[in-house]
file model.txt (compact mmCIF, C-alpha atoms)
# COMPACT_ATOMS: atom_id res chain seq x y z
CA MET A 1 -17.26 0.06 13.56
CA SER A 2 -14.31 1.65 15.30
CA LYS A 3 -12.32 -1.49 14.48
CA LEU A 4 -12.94 -0.94 10.79
CA LEU A 5 -11.89 2.68 11.11
CA HIS A 6 -8.58 1.58 12.58
CA LEU A 7 -7.80 -0.13 9.30
CA TYR A 8 -7.26 3.33 7.87
CA PRO A 9 -3.90 5.09 8.32
CA ARG A 10 -3.66 7.49 11.23
CA SER A 11 -3.25 10.52 8.97
CA TRP A 12 -6.48 9.58 7.21
CA ARG A 13 -8.30 9.10 10.51
CA ASP A 14 -7.03 12.45 11.79
CA ARG A 15 -8.62 14.13 8.81
CA TYR A 16 -11.80 12.16 8.11
CA ALA A 17 -12.69 9.92 11.07
CA GLU A 18 -15.09 12.30 12.80
CA GLU A 19 -17.24 13.01 9.77
CA PHE A 20 -16.95 9.38 8.66
CA VAL A 21 -18.37 8.22 11.99
CA ALA A 22 -21.10 10.86 11.70
CA LEU A 23 -21.98 9.50 8.26
CA LEU A 24 -22.16 5.94 9.53
CA SER A 25 -24.32 7.00 12.45
CA GLU A 26 -26.80 8.44 9.97
CA ARG A 27 -26.67 5.39 7.74
CA PRO A 28 -25.78 2.19 9.59
CA PRO A 29 -23.51 0.24 7.26
CA SER A 30 -24.70 -2.90 5.52
CA LEU A 31 -22.40 -5.84 4.90
CA ALA A 32 -21.63 -4.38 1.46
CA ASP A 33 -20.80 -1.05 3.09
CA ARG A 34 -18.46 -2.76 5.54
CA LEU A 35 -16.65 -4.49 2.70
CA ASP A 36 -16.47 -1.15 0.91
CA ILE A 37 -14.93 0.40 4.02
CA VAL A 38 -12.29 -2.34 4.16
CA ARG A 39 -11.56 -1.78 0.49
CA GLY A 40 -11.35 1.95 1.11
CA ALA A 41 -8.92 1.37 3.98
CA ILE A 42 -6.65 -0.76 1.78
CA ASP A 43 -6.81 1.92 -0.87
CA ALA A 44 -5.98 4.64 1.66
CA ARG A 45 -2.90 2.70 2.75
CA LEU A 46 -1.76 2.16 -0.83
CA GLN A 47 -2.35 5.64 -2.19
CA PRO A 48 0.27 8.20 -1.20
CA GLN A 49 -2.07 11.11 -1.88
CA LEU A 50 -4.36 9.89 0.89
CA GLN A 51 -1.65 9.43 3.47
CA GLY A 52 -1.44 12.98 4.59
CA PRO A 53 1.33 15.38 3.83
CA ASP A 54 4.09 13.70 5.77
CA ARG A 55 4.87 10.24 4.41
CA LEU A 56 5.09 8.34 1.13
CA PRO A 57 4.51 4.58 1.49
CA ASP A 58 6.75 2.26 -0.49
CA ARG A 59 4.69 -0.50 -2.06
CA TYR A 60 7.79 -2.62 -2.32
CA GLY A 61 6.99 -3.54 1.28
CA PHE A 62 4.56 -6.10 -0.13
CA SER A 63 7.44 -7.87 -1.89
CA THR A 64 9.37 -7.97 1.36
CA LEU A 65 6.32 -9.42 3.10
CA ALA A 66 6.06 -11.99 0.30
CA GLY A 67 9.65 -12.86 1.11
CA PHE A 68 8.44 -13.90 4.56
CA GLY A 69 6.12 -16.38 2.84
CA LEU A 70 9.06 -17.78 0.88
CA LEU A 71 11.04 -18.04 4.11
CA VAL A 72 8.27 -20.03 5.77
CA GLY A 73 8.08 -22.22 2.66
CA ALA A 74 11.83 -22.82 2.81
CA ALA A 75 11.60 -23.73 6.51
CA LEU A 76 8.78 -26.20 5.83
CA ILE A 77 10.65 -27.82 2.95
CA MET A 78 13.83 -28.07 4.99
CA ALA A 79 12.02 -29.46 8.02
CA ASN A 80 10.42 -32.16 5.88
CA GLY A 81 13.43 -33.08 3.76
CA PRO A 82 14.58 -36.68 3.43
CA VAL A 83 16.38 -38.14 6.44
CA ARG A 84 20.09 -38.81 5.90
CA TYR A 85 22.61 -40.71 7.98
CA ASP A 86 26.31 -40.18 8.43
CA GLU A 87 28.98 -40.66 11.07
CA TYR A 88 27.61 -37.73 13.07
CA GLY A 89 24.08 -39.15 13.27
CA THR A 90 20.88 -38.40 11.36
CA TYR A 91 19.82 -35.16 9.76
CA ARG A 92 17.26 -33.86 7.26
CA GLU A 93 18.43 -32.94 3.81
CA GLY A 94 17.39 -29.29 3.39
CA GLU A 95 18.79 -28.43 -0.02
CA GLY A 96 15.30 -28.33 -1.53
CA GLY A 97 14.52 -25.22 0.49
CA LEU A 98 17.63 -23.29 -0.40
CA VAL A 99 16.14 -21.79 -3.56
CA PHE A 100 13.21 -20.38 -1.57
CA LEU A 101 15.59 -19.20 1.11
CA LEU A 102 17.68 -17.41 -1.50
CA MET A 103 14.62 -15.77 -3.05
CA ALA A 104 13.44 -14.66 0.39
CA ALA A 105 16.87 -13.21 1.14
CA VAL A 106 16.96 -11.37 -2.19
CA LEU A 107 13.55 -9.82 -1.48
CA LEU A 108 14.72 -8.72 1.97
CA SER A 109 17.90 -7.29 0.47
CA ALA A 110 15.86 -5.37 -2.08
CA GLY A 111 13.73 -3.99 0.76
CA LEU A 112 16.86 -3.01 2.68
CA TYR A 113 18.17 -1.35 -0.48
CA ARG A 114 15.06 0.85 -0.54
CA VAL A 115 15.83 1.91 3.02
CA VAL A 116 19.55 2.42 2.46
CA MET A 117 18.86 4.69 -0.50
CA ARG A 118 16.75 6.92 1.75
CA LEU A 119 19.41 7.24 4.42
CA PRO A 120 21.13 10.62 4.50
CA ALA A 121 24.73 10.78 3.30
CA ALA A 122 25.82 11.62 6.83
CA ALA A 123 24.63 8.21 8.05
CA SER A 124 27.74 6.60 6.61
CA VAL A 125 27.92 3.72 9.11
CA ALA A 126 24.32 2.75 8.44
CA ARG A 127 24.79 3.06 4.67
CA ILE A 128 27.92 0.91 4.67
CA SER A 129 26.20 -1.60 6.95
CA GLY A 130 23.29 -1.55 4.54
CA TRP A 131 25.43 -2.60 1.61
CA ILE A 132 27.05 -5.29 3.74
CA ALA A 133 23.63 -6.63 4.74
CA ILE A 134 22.33 -6.46 1.16
CA ILE A 135 25.19 -8.68 -0.01
CA ALA A 136 25.63 -10.83 3.10
CA GLY A 137 21.95 -11.84 3.30
CA PRO A 138 21.69 -13.68 -0.03
CA VAL A 139 25.19 -15.14 0.35
CA TRP A 140 24.33 -16.43 3.81
CA SER A 141 21.08 -17.89 2.49
CA ILE A 142 22.93 -20.26 0.16
CA MET A 143 25.28 -21.41 2.91
CA PRO A 144 23.32 -20.88 6.13
CA TRP A 145 25.73 -23.04 8.09
CA VAL A 146 28.39 -20.31 7.91
CA MET A 147 27.54 -18.66 11.21
CA PRO A 148 29.92 -15.66 11.05
CA LEU A 149 28.19 -14.61 7.83
CA GLY A 150 24.85 -14.77 9.60
CA VAL A 151 26.14 -12.69 12.49
CA LEU A 152 27.54 -10.13 10.06
CA PHE A 153 24.20 -9.94 8.26
CA LEU A 154 22.15 -9.55 11.43
CA VAL A 155 24.43 -6.95 13.00
CA SER A 156 24.39 -4.98 9.73
CA VAL A 157 20.60 -5.01 9.71
CA MET A 158 20.60 -3.72 13.28
CA LEU A 159 22.87 -0.86 12.25
CA ILE A 160 20.59 0.03 9.34
CA ALA A 161 17.70 0.21 11.79
CA VAL A 162 19.67 2.51 14.07
CA GLY A 163 20.51 4.76 11.11
CA ALA A 164 16.91 4.77 9.91
CA GLY A 165 15.76 5.68 13.41
CA ARG A 166 18.24 8.53 13.72
CA ALA A 167 17.20 9.83 10.29
CA HIS A 168 13.53 9.72 11.42
CA ILE A 169 12.73 7.27 8.64
CA TRP A 170 11.53 4.64 11.10
CA PRO A 171 9.95 5.27 14.51
CA ALA A 172 11.70 4.17 17.68
CA TRP A 173 9.38 1.20 18.22
CA LEU A 174 10.18 -0.23 14.79
CA VAL A 175 13.89 0.30 15.35
CA ALA A 176 13.60 -1.46 18.71
CA ILE A 177 11.83 -4.42 17.13
CA ILE A 178 14.43 -4.76 14.37
CA ILE A 179 17.23 -4.58 16.91
CA LEU A 180 15.66 -6.96 19.41
CA LEU A 181 14.51 -9.60 16.93
CA PRO A 182 18.00 -10.75 15.88
CA VAL A 183 19.67 -10.39 19.31
CA VAL A 184 19.12 -13.98 20.43
CA PRO A 185 19.72 -15.53 16.97
CA ALA A 186 22.88 -13.46 16.48
CA GLY A 187 24.15 -14.43 19.92
CA LEU A 188 23.41 -18.08 19.27
CA MET A 189 25.18 -17.94 15.92
CA ALA A 190 28.15 -16.21 17.46
CA VAL A 191 28.44 -19.04 19.98
CA LEU A 192 27.95 -21.69 17.30
CA ALA A 193 30.70 -20.11 15.24
CA PHE A 194 33.19 -21.27 17.85
CA LEU A 195 31.75 -24.76 18.21
CA PRO A 196 32.11 -27.74 15.89
CA TRP A 197 29.99 -27.36 12.74
CA TYR A 198 27.72 -30.30 13.61
CA THR A 199 26.63 -28.68 16.89
CA LEU A 200 23.63 -27.12 15.18
CA ARG A 201 22.61 -30.54 13.92
CA VAL A 202 22.79 -32.06 17.38
CA ALA A 203 20.65 -29.29 18.89
CA GLU A 204 18.57 -28.91 15.75
CA VAL A 205 15.09 -28.27 17.14
CA ASN A 206 16.05 -25.88 19.93
CA ALA A 207 18.43 -23.99 17.68
CA LEU A 208 15.81 -23.55 14.98
CA ILE A 209 13.34 -22.15 17.53
CA LEU A 210 15.98 -19.69 18.69
CA LEU A 211 16.74 -18.71 15.10
CA ALA A 212 13.07 -18.23 14.20
CA PRO A 213 12.92 -14.51 15.24
CA VAL A 214 15.14 -13.78 12.22
CA GLY A 215 11.99 -14.30 10.14
CA GLY A 216 10.45 -11.30 11.89
CA LEU A 217 12.91 -9.10 10.02
CA TRP A 218 10.97 -9.65 6.79
CA LEU A 219 7.76 -8.54 8.48
CA ALA A 220 9.34 -5.57 10.25
CA VAL A 221 11.16 -4.28 7.16
CA GLY A 222 8.09 -4.89 4.97
CA LEU A 223 5.81 -3.00 7.33
CA GLY A 224 8.42 -0.27 7.68
CA LEU A 225 8.38 0.22 3.91
CA LEU A 226 4.59 0.25 3.76
CA ARG A 227 4.53 2.77 6.59
CA GLY A 228 6.40 5.00 4.21
CA PHE A 229 9.25 7.43 4.01
CA PRO A 230 9.13 11.11 4.89
CA ARG A 231 7.82 13.04 1.93
CA PRO A 232 10.54 15.17 0.32
CA ALA A 233 10.09 18.86 0.75
CA ALA A 234 8.54 20.58 -2.25
CA SER A 235 11.08 22.36 -4.38
CA MET B 1 -8.27 11.10 -21.84
CA PHE B 2 -11.02 9.38 -23.69
CA LEU B 3 -14.63 9.24 -22.79
CA GLU B 4 -16.72 6.13 -22.97
CA ALA B 5 -20.41 5.70 -22.42
CA HIS B 6 -21.60 3.20 -19.88
CA ALA B 7 -25.18 2.31 -20.63
CA GLY B 8 -25.72 0.51 -17.35
CA ARG B 9 -27.80 2.15 -14.65
CA ASN B 10 -28.73 4.99 -16.98
CA THR B 11 -25.44 6.80 -16.55
CA ILE B 12 -22.74 8.08 -18.81
CA VAL B 13 -19.40 8.29 -17.12
CA ALA B 14 -15.86 9.30 -17.82
CA VAL B 15 -13.23 6.60 -17.65
CA PRO B 16 -9.48 6.63 -18.29
CA ASN B 17 -8.31 6.15 -21.82
CA LEU B 18 -8.27 2.44 -22.54
CA GLY B 19 -8.24 2.58 -26.30
CA SER B 20 -5.83 3.40 -29.06
CA ARG B 21 -4.72 6.82 -30.21
CA ALA B 22 -6.90 6.37 -33.26
CA ARG B 23 -9.96 6.90 -31.10
CA ARG B 24 -8.81 10.21 -29.69
CA PRO B 25 -9.95 12.62 -32.42
CA ILE B 26 -13.62 11.93 -31.59
CA VAL B 27 -13.34 14.08 -28.47
CA GLU B 28 -10.59 16.59 -28.00
CA GLN B 29 -8.54 16.29 -24.86
CA SER B 30 -9.17 19.02 -22.33
CA THR B 31 -6.86 20.05 -19.57
CA MET B 32 -9.94 20.79 -17.51
CA THR B 33 -10.60 17.08 -17.14
CA GLU B 34 -7.03 16.26 -16.16
CA PRO B 35 -7.80 16.03 -12.44
CA LEU B 36 -10.38 13.28 -13.03
CA HIS B 37 -8.89 11.04 -15.68
CA GLU B 38 -6.22 9.58 -13.44
CA LEU B 39 -8.57 8.54 -10.68
CA GLY B 40 -9.11 4.99 -11.96
CA ARG B 41 -12.08 3.36 -10.27
CA PHE B 42 -12.76 6.60 -8.43
CA ALA B 43 -13.36 8.56 -11.66
CA GLU B 44 -17.06 7.72 -11.82
CA PRO B 45 -17.83 8.33 -8.12
CA SER B 46 -15.82 11.55 -8.30
CA LEU B 47 -17.88 12.80 -11.22
CA HIS B 48 -21.06 11.89 -9.36
CA ILE B 49 -19.88 13.76 -6.28
CA LEU B 50 -19.00 16.84 -8.32
CA VAL B 51 -22.45 16.77 -9.91
CA SER B 52 -24.02 16.32 -6.48
CA LEU B 53 -22.20 19.38 -5.16
CA SER B 54 -23.07 21.46 -8.22
CA ASP B 55 -26.23 22.83 -6.58
CA GLY B 56 -24.59 23.69 -3.27
CA PRO B 57 -22.53 22.33 -0.36
CA LYS B 58 -23.39 18.94 1.10
CA HIS B 59 -22.00 16.70 3.78
CA GLY B 60 -21.15 13.02 3.37
CA TYR B 61 -24.54 11.50 4.02
CA ALA B 62 -26.33 14.05 1.82
CA ILE B 63 -23.85 13.35 -0.99
CA MET B 64 -24.43 9.60 -0.68
CA ALA B 65 -28.19 10.03 -0.84
CA ASP B 66 -27.99 12.49 -3.74
CA VAL B 67 -25.59 10.35 -5.75
CA GLU B 68 -27.88 7.37 -5.35
CA ALA B 69 -30.82 9.48 -6.49
CA ILE B 70 -29.12 10.95 -9.57
CA SER B 71 -27.15 7.92 -10.71
CA GLY B 72 -29.42 5.11 -9.59
CA SER B 73 -26.56 3.28 -7.91
CA PRO B 74 -25.50 3.54 -4.27
CA ILE B 75 -22.00 4.63 -3.35
CA GLY B 76 -20.30 2.93 -0.41
CA PRO B 77 -18.77 4.94 2.45
CA GLY B 78 -15.24 3.74 1.65
CA THR B 79 -15.60 4.68 -2.00
CA LEU B 80 -17.20 8.01 -1.11
CA TYR B 81 -14.33 9.07 1.11
CA GLY B 82 -11.72 7.62 -1.26
CA ALA B 83 -13.16 9.85 -3.99
CA LEU B 84 -13.65 12.85 -1.69
CA ALA B 85 -10.04 12.67 -0.54
CA ARG B 86 -8.79 12.54 -4.11
CA ILE B 87 -10.81 15.41 -5.50
CA GLU B 88 -10.17 17.49 -2.40
CA ARG B 89 -6.42 17.04 -2.85
CA ARG B 90 -6.80 18.03 -6.48
CA GLY B 91 -8.49 21.23 -5.42
CA LEU B 92 -11.82 20.44 -7.06
CA ILE B 93 -13.74 20.63 -3.78
CA GLU B 94 -13.06 22.17 -0.41
CA ALA B 95 -14.20 21.31 3.07
CA LEU B 96 -16.21 23.86 5.03
CA GLU B 97 -16.35 24.30 8.78
CA PRO B 98 -17.92 21.26 10.45
CA GLU B 99 -21.55 21.46 11.49
CA GLN B 100 -21.59 19.40 14.67
CA ARG B 101 -19.62 16.36 13.47
CA ARG B 102 -20.68 16.60 9.83
CA ARG B 103 -18.39 18.44 7.46
CA PRO B 104 -19.92 19.91 4.29
CA TYR B 105 -18.01 20.15 1.03
CA ARG B 106 -18.43 22.56 -1.83
CA LEU B 107 -17.09 22.91 -5.34
CA THR B 108 -14.12 25.20 -5.83
CA ALA B 109 -13.78 27.42 -8.90
CA LEU B 110 -11.45 24.82 -10.37
CA GLY B 111 -14.01 22.14 -9.58
CA VAL B 112 -16.75 24.08 -11.37
CA THR B 113 -14.54 24.50 -14.44
CA ALA B 114 -13.48 20.85 -14.40
CA LEU B 115 -17.05 19.66 -14.03
CA GLU B 116 -18.25 21.91 -16.84
CA GLY B 117 -15.49 20.63 -19.11
CA GLN B 118 -16.25 17.05 -18.19
CA LEU B 119 -19.98 17.38 -18.77
CA GLU B 120 -19.49 19.24 -22.06
CA GLN B 121 -17.25 16.44 -23.27
CA LEU B 122 -19.79 13.85 -22.24
CA SER B 123 -22.53 15.84 -23.91
CA SER B 124 -20.50 16.14 -27.11
CA PHE B 125 -19.73 12.45 -27.00
CA ALA B 126 -23.38 11.58 -26.47
CA ARG B 127 -24.45 13.85 -29.33
CA THR B 128 -21.91 12.24 -31.65
CA GLY B 129 -23.09 8.76 -30.72
CA LEU B 130 -26.77 9.63 -31.07
CA SER B 131 -26.31 11.36 -34.43
CA ARG B 132 -24.41 8.35 -35.74
CA LEU B 133 -27.11 6.02 -34.51
CA ARG B 134 -29.81 8.11 -36.19
CA GLY B 135 -27.89 8.31 -39.44
CA ARG B 136 -27.23 4.59 -39.58
CA THR B 137 -28.76 2.74 -42.52
CA THR B 138 -30.42 -0.51 -41.53
call {"tool": "encode", "arguments": {"input": "model.txt", "output": "structure tokens"}}
result
Amino acid sequence: MSKLLHLYPRSWRDRYAEEFVALLSERPPSLADRLDIVRGAIDARLQPQLQGPDRLPDRYGFSTLAGFGLLVGAALIMANGPVRYDEYGTYREGEGGLVFLLMAAVLLSAGLYRVVMRLPAAASVARISGWIAIIAGPVWSIMPWVMPLGVLFLVSVMLIAVGAGRAHIWPAWLVAIIILLPVVPAGLMAVLAFLPWYTLRVAEVNALILLAPVGGLWLAVGLGLLRGFPRPAAS
Amino acid sequence: MFLEAHAGRNTIVAVPNLGSRARRPIVEQSTMTEPLHELGRFAEPSLHILVSLSDGPKHGYAIMADVEAISGSPIGPGTLYGALARIERRGLIEALEPEQRRRPYRLTALGVTALEGQLEQLSSFARTGLSRLRGRTT
């Protein structure tokens, strides 16, 4: 039962967990009750008024998480594209996945926009980086072979995370995740930027594995939005 | 706010306005019911909880048992606490000091007023419906 309780937000548990457990000890939950508890936990995470006085969740996080699904779809389409041949060898035609990749990037940019708009005016570096990331992400998604653009995007996202951490919008662990996720991909892209363009094709599988952590950004930003922003002080 | 009767399970409940403006004159809107009308699927359980607390403070399990007795339908723990949290935040009920691990709740003055307004509206609505039924020519 304690596992079900952990589905609820911490602020909810702080307030109701003890009496909730007391209730369940008096009336052992049926299957229907357990489903009702799960439903209640989802509701508690979605409803700002149940989140305690400190944070307002942003439901747009679900759209950002959906962007992760589009990203996975794009990767699957690209990985299963038709095989082509040219003077540099064989490769898979990935154009079919670009639309999904673009949509995923737009959803991530929209999520980043929600964060940037909550950054204080004093966080000018993070705000400027935010706008760079918001634009660079979708542009990079339609020409993912332009490695400097990818590096710019990833570094900008890292700077947003730092700004959000300093403004107490995101906790340190989330900031650390968002900074660490793109480190290897950004480094790899930075190296590839100075190598011939077909290098990525030659080392396709290994490079794609190294680039995969970028996908974690959709999850981290989405969860960060759902976790919520500090509630504005009452006027 | 508009009130609709639900014949199922022998209850009459308040639900958010789903109809057109033309239906509004049947029951006048009351500010006393404002805290409940925006609760969506929690409107009915919230009303049941308020009625349950109308004869004195109760803790969660006692509310569940009482609601099942007066409405004929059980209320799940997740729904119970979803509704409790909402009406507590709206100031209709307040939590008392815990007794061991169980925390009783009681109606606030605002909760009493809101419940009275809600029940009077339901009563008026029921009277209107019944008088129309009795006056209907077959």
call {"tool": "interface_residues", "arguments": {"input": "model.txt", "of": "chain A", "to": "chain B", "cutoff": "7 Å", "atoms": "only C-alpha atoms", "output": "list in words"}}
result
Glu18, Glu19, Ala22, Leu23, Asp33, Asp36, Ile37, Arg39, Gly40 and Leu50 of chain A
call {"tool": "residues_near_point", "arguments": {"input": "model.txt", "point": "(19.8, -18.3, -3.4)", "cutoff": "10 Å", "atoms": "only C-alpha atoms", "output": "PyMOL selection string"}}
result
chain A and resi 97-106+137-143
call {"tool": "residues_near_point", "arguments": {"input": "model.txt", "point": "(6.9, -3.3, -3.2)", "cutoff": "9 Å", "atoms": "all atoms listed in the file", "output": "JSON, numbers by chain"}}
result
{"A": [58, 59, 60, 61, 62, 63, 64, 65, 111, 222, 225, 226]}
call {"tool": "residues_around", "arguments": {"input": "model.txt", "residues": "A:Gly150", "least_positions_apart": "3", "cutoff": "8 Å", "atoms": "only C-alpha atoms", "output": "list of chain:residue names"}}
result
A:Ala136, A:Gly137, A:Trp140, A:Pro144, A:Val146, A:Met147, A:Phe153, A:Leu154, A:Ala186, A:Met189
call {"tool": "atom_distance", "arguments": {"input": "model.txt", "atom1": "atom CA of A:Ile209", "atom2": "atom CA of A:Glu93"}}
result
18.2 Å
call {"tool": "residues_around", "arguments": {"input": "model.txt", "residues": "A:Leu211", "least_positions_apart": "5", "cutoff": "10 Å", "atoms": "only C-alpha atoms", "output": "PyMOL selection string"}}
result
chain A and resi 181-189+205-206
call {"tool": "atom_distance", "arguments": {"input": "model.txt", "atom1": "atom CA of A:Leu24", "atom2": "atom CA of B:Tyr105"}}
result
17.1 Å
call {"tool": "atom_distance", "arguments": {"input": "model.txt", "atom1": "atom CA of B:Ile70", "atom2": "atom CA of B:Leu133"}}
result
25.5 Å
call {"tool": "closest_residue", "arguments": {"input": "model.txt", "among": "A:Gly89, A:Gly94, A:Gly228, A:Ile169", "to": "A:Trp145", "atoms": "all atoms listed in the file"}}
result
A:Gly94
call {"tool": "closest_residue", "arguments": {"input": "model.txt", "among": "A:Trp131, A:Tyr85, A:Trp12, A:Trp170", "to": "A:Leu46", "atoms": "all atoms listed in the file"}}
result
A:Trp12
call {"tool": "residues_around", "arguments": {"input": "model.txt", "residues": "stretch 158-163 of chain A", "least_positions_apart": "4", "cutoff": "6 Å", "atoms": "all atoms listed in the file", "output": "PDB file with C-alpha atoms, keeping the file's coordinate frame"}}
result
ATOM      1  CA  ALA A 126      24.320   2.750   8.440  1.00  0.00           C
ATOM      2  CA  GLY A 130      23.290  -1.550   4.540  1.00  0.00           C
ATOM      3  CA  VAL A 175      13.890   0.300  15.350  1.00  0.00           C
ATOM      4  CA  ILE A 179      17.230  -4.580  16.910  1.00  0.00           C
TER       5      ILE A 179
END
call {"tool": "closest_residue", "arguments": {"input": "model.txt", "among": "A:Ala133, A:Gly73, A:Val191, A:Val151", "to": "A:Ala110", "atoms": "all atoms listed in the file"}}
result
A:Ala133
call {"tool": "closest_residue", "arguments": {"input": "model.txt", "among": "B:Leu92, B:Leu130, B:Ala69, B:Leu110", "to": "B:Leu50", "atoms": "all atoms listed in the file"}}
result
B:Leu92
call {"tool": "residues_around", "arguments": {"input": "model.txt", "residues": "B:Asp55", "least_positions_apart": "4", "cutoff": "10 Å", "atoms": "all atoms listed in the file", "output": "VMD selection string"}}
result
chain B and resid 50 to 51 106 to 107
call {"tool": "closest_residue", "arguments": {"input": "model.txt", "among": "B:Gly129, B:Glu68, B:Ser54, B:Ile87", "to": "B:Leu39", "atoms": "only C-alpha atoms"}}
result
B:Ile87
